[in-house]
Each structure stands twice: as C-alpha cells, then as structure tokens.
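Next comes run_6.txt, a file with compact mmCIF, C-alpha atoms.
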# COMPACT_ATOMS: atom_id res chain seq x y z
CA MET A 47 33.78 -13.08 28.27
CA ILE A 48 31.65 -15.13 25.86
CA ALA A 49 28.52 -13.23 26.85
CA ARG A 50 30.31 -9.95 26.35
CA LYS A 51 31.50 -10.96 22.88
CA THR A 52 27.98 -12.01 21.96
CA LEU A 53 26.62 -8.65 23.05
CA VAL A 54 29.22 -6.85 20.92
CA LEU A 55 28.40 -8.99 17.90
CA CYS A 56 24.69 -8.40 18.26
CA ALA A 57 25.27 -4.69 18.54
CA ALA A 58 27.37 -4.84 15.38
CA VAL A 59 24.48 -6.36 13.45
CA ALA A 60 22.06 -3.74 14.69
CA ALA A 61 24.43 -0.85 13.99
CA ALA A 62 25.12 -1.52 10.31
CA GLY A 63 25.04 1.86 8.60
CA PHE A 64 25.41 3.81 11.87
CA VAL A 65 25.78 7.56 11.53
CA GLY A 66 26.36 10.22 14.12
CA PRO A 67 23.65 12.64 15.21
CA THR A 68 22.64 15.27 12.68
CA ARG A 69 21.19 18.74 13.20
CA ALA A 70 17.84 20.30 12.37
CA GLN A 71 15.99 17.02 12.04
CA THR A 72 12.21 16.89 11.63
CA PHE A 73 10.36 14.11 13.43
CA VAL A 74 8.00 12.23 11.10
CA GLU A 75 6.57 9.31 13.07
CA HIS A 76 7.28 6.56 15.58
CA SER A 77 6.40 2.88 15.40
CA ALA A 78 6.65 -0.05 17.81
CA GLU A 79 7.44 -3.15 15.76
CA PHE A 80 8.27 -6.84 15.79
CA ARG A 81 10.66 -7.97 13.04
CA PHE A 82 12.04 -11.14 11.53
CA GLN A 83 15.13 -10.62 9.36
CA ILE A 84 16.96 -12.86 6.89
CA ASP A 85 20.45 -11.82 5.76
CA PHE A 86 21.31 -13.03 2.26
CA ALA A 87 24.18 -13.03 -0.19
CA VAL A 88 22.54 -12.64 -3.61
CA PRO A 89 24.09 -12.28 -7.09
CA ASP A 90 25.98 -8.98 -7.19
CA ALA A 91 24.98 -8.07 -10.75
CA ALA A 92 21.28 -8.51 -9.99
CA LEU A 93 21.49 -6.37 -6.86
CA ARG A 94 23.41 -3.55 -8.55
CA LYS A 95 20.55 -3.03 -11.01
CA PHE A 96 18.55 -1.64 -8.09
CA LEU A 97 21.25 0.85 -7.02
CA PRO A 98 21.62 4.34 -8.51
CA SER A 99 24.75 5.44 -10.35
CA GLY A 100 27.59 6.28 -7.98
CA TRP A 101 26.43 3.86 -5.27
CA GLU A 102 27.63 0.35 -4.48
CA PRO A 103 27.05 -2.44 -1.95
CA ALA A 104 28.82 -2.00 1.40
CA ILE A 105 29.53 -5.58 2.40
CA ALA A 106 31.03 -6.50 5.77
CA THR A 107 34.17 -8.65 5.56
CA GLN A 108 33.89 -9.99 9.10
CA GLY A 109 31.47 -10.30 11.98
CA PRO A 110 27.81 -11.39 12.04
CA ALA A 111 26.93 -9.46 8.85
CA LYS A 112 29.85 -10.90 6.84
CA ASP A 113 29.05 -11.23 3.09
CA CYS A 114 25.49 -9.91 3.48
CA ASN A 115 24.40 -7.68 0.59
CA ILE A 116 20.63 -7.73 1.13
CA ARG A 117 18.30 -8.12 4.09
CA VAL A 118 14.72 -9.32 3.74
CA ILE A 119 12.81 -7.92 6.72
CA PHE A 120 9.28 -8.97 7.69
CA ILE A 121 7.66 -6.31 9.88
CA ASP A 122 4.62 -6.14 12.14
CA ARG A 123 4.12 -2.43 12.78
CA ALA A 124 1.97 -2.96 15.86
CA ASP A 125 1.60 0.71 16.81
CA ILE A 126 2.24 3.73 14.58
CA THR A 127 2.18 7.23 16.05
CA GLY A 128 2.32 10.47 14.09
CA ALA A 129 4.52 13.45 14.84
CA ASP A 130 1.73 15.04 16.90
CA GLY A 131 1.38 11.95 19.09
CA THR A 132 -1.81 10.72 17.42
CA ALA A 133 -2.16 6.98 16.85
CA THR A 134 -2.38 6.40 13.09
CA GLY A 135 -2.89 2.64 12.90
CA THR A 136 -0.96 -0.54 12.22
CA ASN A 137 0.54 -2.26 9.19
CA ARG A 138 2.37 -5.37 8.09
CA LEU A 139 4.96 -5.29 5.37
CA VAL A 140 8.15 -6.80 4.05
CA TYR A 141 11.00 -4.87 2.50
CA LEU A 142 14.47 -5.47 1.11
CA ALA A 143 17.25 -3.31 2.56
CA ALA A 144 20.75 -3.19 1.06
CA PRO A 145 23.79 -1.87 2.97
CA VAL A 146 25.32 0.72 0.63
CA LYS A 147 27.93 3.43 0.28
CA GLN A 148 28.52 6.27 -2.11
CA THR A 149 31.49 5.38 -4.25
CA GLY A 150 34.68 7.14 -3.23
CA THR A 151 33.18 8.71 -0.10
CA THR A 152 32.44 7.83 3.52
CA ASN A 153 28.73 8.43 2.94
CA ALA A 154 27.05 5.13 3.88
CA GLY A 155 23.82 3.65 5.15
CA GLN A 156 21.10 1.51 3.66
CA MET A 157 18.65 1.56 0.74
CA ILE A 158 15.22 -0.01 0.76
CA ILE A 159 15.07 -1.24 -2.83
CA ALA A 160 11.63 -2.91 -2.83
CA GLY A 161 8.74 -3.65 -0.51
CA LEU A 162 5.23 -5.07 -0.25
CA SER A 163 2.74 -3.46 2.12
CA ALA A 164 -0.57 -4.78 3.41
CA ASP A 165 -1.86 -1.21 3.82
CA ALA A 166 -2.59 0.71 0.63
CA LYS A 167 -2.00 4.00 2.49
CA GLU A 168 1.71 3.09 2.74
CA VAL A 169 2.06 2.54 -1.00
CA PRO A 170 4.31 3.59 -2.74
CA GLY A 171 5.95 4.47 0.59
CA PRO A 172 8.67 6.95 1.53
CA PHE A 173 11.03 5.74 -1.22
CA GLY A 174 8.46 5.30 -3.98
CA ASN A 175 8.96 1.56 -4.44
CA TYR A 176 6.46 -0.27 -2.22
CA GLU A 177 3.78 -2.35 -3.92
CA LEU A 178 0.43 -3.29 -2.48
CA ALA A 179 0.23 -6.85 -1.20
CA THR A 180 -2.97 -8.15 -2.79
CA SER A 181 -2.67 -11.19 -0.54
CA HIS A 182 -0.99 -11.21 2.85
CA ASN A 183 -0.90 -13.30 6.01
CA MET A 184 1.03 -13.29 9.26
CA SER A 185 0.87 -15.66 12.21
CA ARG A 186 3.11 -15.56 15.30
CA SER A 187 2.87 -17.65 18.44
CA VAL A 188 4.99 -18.40 21.50
CA ALA A 189 4.67 -21.51 23.70
CA ASP A 190 6.46 -22.26 26.99
CA ASP A 191 6.64 -25.77 28.47
CA GLY A 192 8.47 -24.61 31.57
CA LYS A 193 11.86 -25.46 30.11
CA VAL A 194 11.99 -24.08 26.57
CA THR A 195 10.16 -21.19 24.93
CA THR A 196 9.32 -22.00 21.33
CA GLY A 197 8.32 -19.46 18.70
CA GLU A 198 6.53 -20.18 15.43
CA GLU A 199 5.99 -17.70 12.60
CA THR A 200 4.55 -17.66 9.11
CA TRP A 201 4.62 -14.63 6.82
CA SER A 202 3.25 -14.34 3.29
CA PHE A 203 3.01 -11.38 0.91
CA VAL A 204 1.96 -11.54 -2.75
CA ALA A 205 1.71 -8.63 -5.22
CA ALA A 206 -0.30 -8.36 -8.43
CA SER A 207 3.01 -8.21 -10.33
CA GLY A 208 3.72 -11.80 -9.25
CA GLU A 209 6.26 -11.00 -6.55
CA ARG A 210 5.93 -13.39 -3.63
CA LEU A 211 7.71 -13.54 -0.26
CA ASP A 212 6.86 -16.42 2.05
CA VAL A 213 8.62 -17.72 5.15
CA ARG A 214 7.89 -20.34 7.79
CA LEU A 215 9.94 -20.63 10.95
CA LYS A 216 10.03 -22.57 14.22
CA TYR A 217 12.74 -21.80 16.76
CA GLU A 218 13.83 -21.88 20.36
CA ARG A 219 13.50 -18.36 21.69
CA ALA A 220 16.32 -16.80 23.74
CA PRO A 221 16.72 -13.47 25.55
CA ALA A 222 17.27 -10.55 23.19
CA ARG A 223 20.29 -8.25 23.35
CA LYS A 224 19.52 -4.54 23.46
CA GLY A 225 21.04 -2.25 20.88
CA SER A 226 20.60 1.30 19.59
CA GLN A 227 21.48 2.84 16.26
CA GLU A 228 20.95 5.82 13.99
CA VAL A 229 20.97 4.96 10.29
CA LYS A 230 20.53 6.86 7.04
CA PHE A 231 18.14 5.26 4.55
CA PHE A 232 18.75 6.71 1.10
CA ASN A 233 16.14 7.03 -1.64
CA PRO A 234 17.23 4.81 -4.58
CA SER A 235 15.62 7.13 -7.13
CA ASN A 236 17.15 10.24 -5.52
CA PRO A 237 19.96 9.34 -3.11
CA GLY A 238 20.44 12.97 -2.15
CA SER A 239 17.19 12.47 -0.23
CA TYR A 240 17.10 10.23 2.82
CA GLN A 241 15.39 9.45 6.09
CA ILE A 242 17.06 8.84 9.43
CA PHE A 243 15.91 5.89 11.51
CA LYS A 244 16.65 6.11 15.24
CA VAL A 245 16.12 2.70 16.77
CA ASP A 246 16.15 0.90 20.10
CA SER A 247 15.78 -2.83 19.62
CA GLY A 248 16.26 -6.28 21.09
CA ILE A 249 17.90 -8.77 18.73
CA ASP A 250 17.97 -12.56 19.03
CA ILE A 251 20.44 -14.10 16.54
CA MET A 252 19.03 -17.59 16.04
CA ARG A 253 21.37 -18.81 13.30
CA ASN A 254 24.48 -17.26 11.74
CA ALA A 255 26.96 -18.52 9.15
CA THR A 256 29.95 -16.64 10.61
CA VAL A 257 29.78 -16.19 14.36
CA PRO A 258 29.61 -19.10 16.85
CA VAL A 259 26.04 -18.78 18.09
CA ARG A 260 24.04 -21.89 18.93
CA ASP A 261 21.67 -22.77 16.09
CA ARG A 262 18.20 -22.70 17.67
CA VAL A 263 16.20 -22.94 14.43
CA LYS A 264 14.10 -26.12 14.34
CA GLU A 265 12.29 -25.55 11.04
CA PHE A 266 12.83 -22.97 8.31
CA SER A 267 11.64 -22.56 4.74
CA TYR A 268 11.23 -19.59 2.43
CA LYS A 269 10.17 -18.69 -1.08
CA ILE A 270 11.04 -15.37 -2.74
CA SER A 271 10.17 -15.14 -6.40
CA GLY A 272 8.56 -13.25 -9.24
CA GLY A 273 8.79 -9.84 -10.87
CA ARG A 274 11.78 -7.65 -10.04
CA LEU A 275 12.96 -10.06 -7.32
CA ALA A 276 13.43 -13.14 -9.52
CA ALA A 277 16.99 -12.36 -10.66
CA MET A 278 18.25 -11.89 -7.10
CA PHE A 279 16.57 -15.05 -5.81
CA ASP A 280 17.41 -17.47 -8.59
CA GLY A 281 18.41 -20.38 -6.38
CA THR A 282 22.05 -19.32 -6.00
CA GLU A 283 21.38 -16.99 -3.05
CA LYS A 284 22.77 -17.98 0.35
CA VAL A 285 21.08 -17.54 3.73
CA LEU A 286 23.61 -16.06 6.16
CA SER A 287 21.66 -15.13 9.28
CA LEU A 288 18.22 -15.52 10.85
CA ASP A 289 17.41 -12.82 13.40
CA SER A 290 14.36 -12.15 15.53
CA PHE A 291 13.80 -8.65 16.88
CA HIS A 292 11.64 -9.11 19.97
CA TRP A 293 11.09 -5.37 19.99
CA TYR A 294 12.02 -2.64 17.54
CA ASN A 295 11.13 0.93 18.48
CA ARG A 296 11.75 3.19 15.49
CA GLY A 297 11.64 6.95 15.20
CA ILE A 298 11.73 8.31 11.62
CA TYR A 299 13.24 11.72 10.93
CA GLN A 300 13.89 13.94 7.93
CA PRO A 301 17.21 15.85 7.90

Structure rendered as structure tokens:
Amino acid sequence: MIARKTLVLCAAVAAAGFVGPTRAQTFVEHSAEFRFQIDFAVPDAALRKFLPSGWEPAIATQGPAKDCNIRVIFIDRADITGADGTATGTNRLVYLAAPVKQTGTTNAGQMIIAGLSADAKEVPGPFGNYELATSHNMSRSVADDGKVTTGEETWSFVAASGERLDVRLKYERAPARKGSQEVKFFNPSNPGSYQIFKVDSGIDIMRNATVPVRDRVKEFSYKISGGRLAAMFDGTEKVLSLDSFHWYNRGIYQP
C-alpha cells in the first residue's frame, strides 16, 4: 500500500497542469533530457509581477506540490530532434516555471517566466524570455559501492545582467517512478499563445516538505540572485521539494 501511495504522489507531481488531448496539433521537436527540479514557495507579490493581467498562481493545497508557486528546473537536453527526425544538437539550460490559472476559468497550466540558456540559438526561446548564459557549467556523476548508489551534481548559470543560478547536490539515488503528462505552457507576454508538452518521465523525489518520503539528500546548497530574480529569492523563499528526473522525454507541440 505504501508503494502504491508513493507512486500516486509521484504521478501527482509530474501531472501538475495536466490537460486532456487537443486536436490539430503540430509537432515541433522532441528532446531526451535529464532534469533536477527545486520546488519553492517565493514571495507572492514578487512572483505576480511576472504574470500577465488576468492570470494568477495555481498553488496546490495538499500533496507533494503543496504551497509550491515556482519551480527552478535545471535541464540537460542530451538529444534534440526536429520535427523531420533530424538531430539538431544538445543544450543545457535552467528555467523558472510557475503553475498558473486564468482567473475565473478552468484554463490552467504553467508559465516559464525566465530562463538562462547555454546555447545562443535558443535565446530568447519560445516564450521570448530566455537570456544567454555567458558562463555555465554542469557536472553529474553516479557512483555505486555495491550497496548504495550515490549521485553528485553541480549546475551553474550566469547572465550578463547579473542573474545567477547555482546548485550543488549529493544524494542517495533510488529507482524512479514512471509518469506521463500533457501540459499547456502559456506565453507570459501573450497567454493566448501556448505550447503543449507531452512527457514521459521517471521521477525520484529525494526530499519533500509535505509527503513522508525518506530524505536521501546528503548535501545541498543553492544560490539564486541578481537582476529580475532578486525579489523572488530575497532569503525568505522556502525549499519544498528536491526532485531528480532520471529521464524526461518531451515532445513539444503547437495547438
């Protein structure tokens, strides 16, 4: 029963912003990714400055995503494939995704409100708000002593504007739980425009403030500062969940 509950909770995290299938979708690209995600509760007033009029945070009141209003997601896009099946390269980036809803409606999903990309070709990105990371670094390793598998990661992205996102992590790795979802990602500058992400993934919840998962994080530190991010990460933010996506296969579609 405990394993079943854990599976349901993991699926709930992955399915935030789930929408049913839509018609007449145009396939844009596919990418095979590894992700590390931090769920935060940040000052509401600072977050709302990034959201367009008529939109508001959609904050879970229970479950593994409880109280989360922003996710900072570090991404290794290991393989990117275009709509015609041609390999188009790789990239590393970090972006901030907010669960949102249109006020007074059932229209909901997520908004990527900022991002830093190592590849200039992905700037300003599909939502017009990625900056080029003038300095970037990523290191990931896994070691197995026959009893415990230990993962270590460092990520660092710095923009010319002064925005900086750094994280260092050491953890005991556990089997990932498979999940699938279809999510609308709205354009903050024009929320009538959106992309649809169709995802199959494997999530490993390593630490969570709400649900009773064993804390397997041995070391963790982060620094998010500068530019447009400073007001959200002013020292009052709270870390709610640390999640490793062992695999994240993402198809991007236009409606």

For each of A:Gly281, A:Gly248, A:Ala160, A:Ala133, take the minimum atom-to-atom distance to A:Pro172, counting only C-alpha atoms, then give the residue where this is smallest.
->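 Using only C-alpha atoms, the shortest distance to A:Pro172 belongs to A:Ala160.
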
From the list A:Thr282, A:Asn254, A:Thr72, A:Asn137, the nearest residue to A:Ala92 using all atoms listed in the file is A:Thr282

Which is closest to A:Asp246 among A:Ala276, A:Leu93, A:Ala78, A:Ala70, if we use all atoms listed in the file?
->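 Distance minimum relative to A:Asp246 lands on A:Ala78.
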
From A:Phe291, A:Phe73, A:Phe231, A:Tyr217, residue lying nearest A:Thr127 [all atoms listed in the file] =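 Of all the options, A:Phe73 lies closest to A:Thr127.
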
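When only C-alpha atoms are used to compute distances to A:Leu97, the closest of the residues A:Pro234, A:Gly128, A:Pro145, A:Gly208 turns out to be A:Pro234.
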
Check the smallest atom-to-atom distance from each of A:Val74, A:Phe232, A:Gln241, A:Ala164 to A:Pro301 using all atoms listed in the file, then report the winner.
->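 The closest residue to A:Pro301 is A:Gln241.
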
Separation of atom CA of A:Val285 from atom CA of A:Ile270, in Å and rounded to one decimal |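 Value for the atom CA of A:Val285-atom CA of A:Ile270 distance: 12.1 Å.
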
Quick one, how far is atom CA of A:Ala143 from atom CA of A:Lys230?
-> 11.6 Å

Between atom CA of A:Ser185 and atom CA of A:Phe173, distance in Å (one decimal) =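 So the two atoms, atom CA of A:Ser185 and atom CA of A:Phe173, lie 27.2 Å apart.
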
If you count only C-alpha atoms, which residues fall within 12 Å of A:Val88, apart from same-chain ones fewer than 6 positions away, as an mmCIF file with C-alpha atoms, keeping the file's coordinate frame?
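Final file, result37.cif:
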data_model
loop_
_atom_site.group_PDB
_atom_site.id
_atom_site.type_symbol
_atom_site.label_atom_id
_atom_site.label_comp_id
_atom_site.auth_asym_id
_atom_site.auth_seq_id
_atom_site.Cartn_x
_atom_site.Cartn_y
_atom_site.Cartn_z
ATOM 1 C CA ARG A 94 23.410 -3.550 -8.550
ATOM 2 C CA PRO A 103 27.050 -2.440 -1.950
ATOM 3 C CA ILE A 105 29.530 -5.580 2.400
ATOM 4 C CA ASP A 113 29.050 -11.230 3.090
ATOM 5 C CA CYS A 114 25.490 -9.910 3.480
ATOM 6 C CA ASN A 115 24.400 -7.680 0.590
ATOM 7 C CA ILE A 116 20.630 -7.730 1.130
ATOM 8 C CA ARG A 117 18.300 -8.120 4.090
ATOM 9 C CA VAL A 118 14.720 -9.320 3.740
ATOM 10 C CA LEU A 142 14.470 -5.470 1.110
ATOM 11 C CA ALA A 144 20.750 -3.190 1.060
ATOM 12 C CA ILE A 270 11.040 -15.370 -2.740
ATOM 13 C CA LEU A 275 12.960 -10.060 -7.320
ATOM 14 C CA ALA A 276 13.430 -13.140 -9.520
ATOM 15 C CA ALA A 277 16.990 -12.360 -10.660
ATOM 16 C CA MET A 278 18.250 -11.890 -7.100
ATOM 17 C CA PHE A 279 16.570 -15.050 -5.810
ATOM 18 C CA ASP A 280 17.410 -17.470 -8.590
ATOM 19 C CA GLY A 281 18.410 -20.380 -6.380
ATOM 20 C CA THR A 282 22.050 -19.320 -6.000
ATOM 21 C CA GLU A 283 21.380 -16.990 -3.050
ATOM 22 C CA LYS A 284 22.770 -17.980 0.350
ATOM 23 C CA VAL A 285 21.080 -17.540 3.730
ATOM 24 C CA LEU A 286 23.610 -16.060 6.160
#

Tell me, as a compact mmCIF listing (two decimals) with C-alpha atoms, keeping the file's coordinate frame, which residues lie within 7 Å of A:Glu199, counting all atoms listed in the file; anything in the same chain fewer than 5 positions away does not count.
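Output file around05.txt is given in full below:
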# COMPACT_ATOMS: atom_id res chain seq x y z
CA SER A 185 0.87 -15.66 12.21
CA ARG A 186 3.11 -15.56 15.30
CA SER A 187 2.87 -17.65 18.44
CA ARG A 214 7.89 -20.34 7.79
CA LEU A 215 9.94 -20.63 10.95
CA LYS A 216 10.03 -22.57 14.22

Just the residues within 7 Å of A:Asp125, please, counting all atoms listed in the file, with nothing from its chain fewer than 5 positions along; format it as a PDB file with C-alpha atoms, in the coordinates of the input.
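Saved result, result.pdb, follows:
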ATOM      1  CA  SER A  77       6.400   2.880  15.400  1.00  0.00           C
ATOM      2  CA  ALA A  78       6.650  -0.050  17.810  1.00  0.00           C
ATOM      3  CA  GLY A 135      -2.890   2.640  12.900  1.00  0.00           C
ATOM      4  CA  THR A 136      -0.960  -0.540  12.220  1.00  0.00           C
TER       5      THR A 136
END
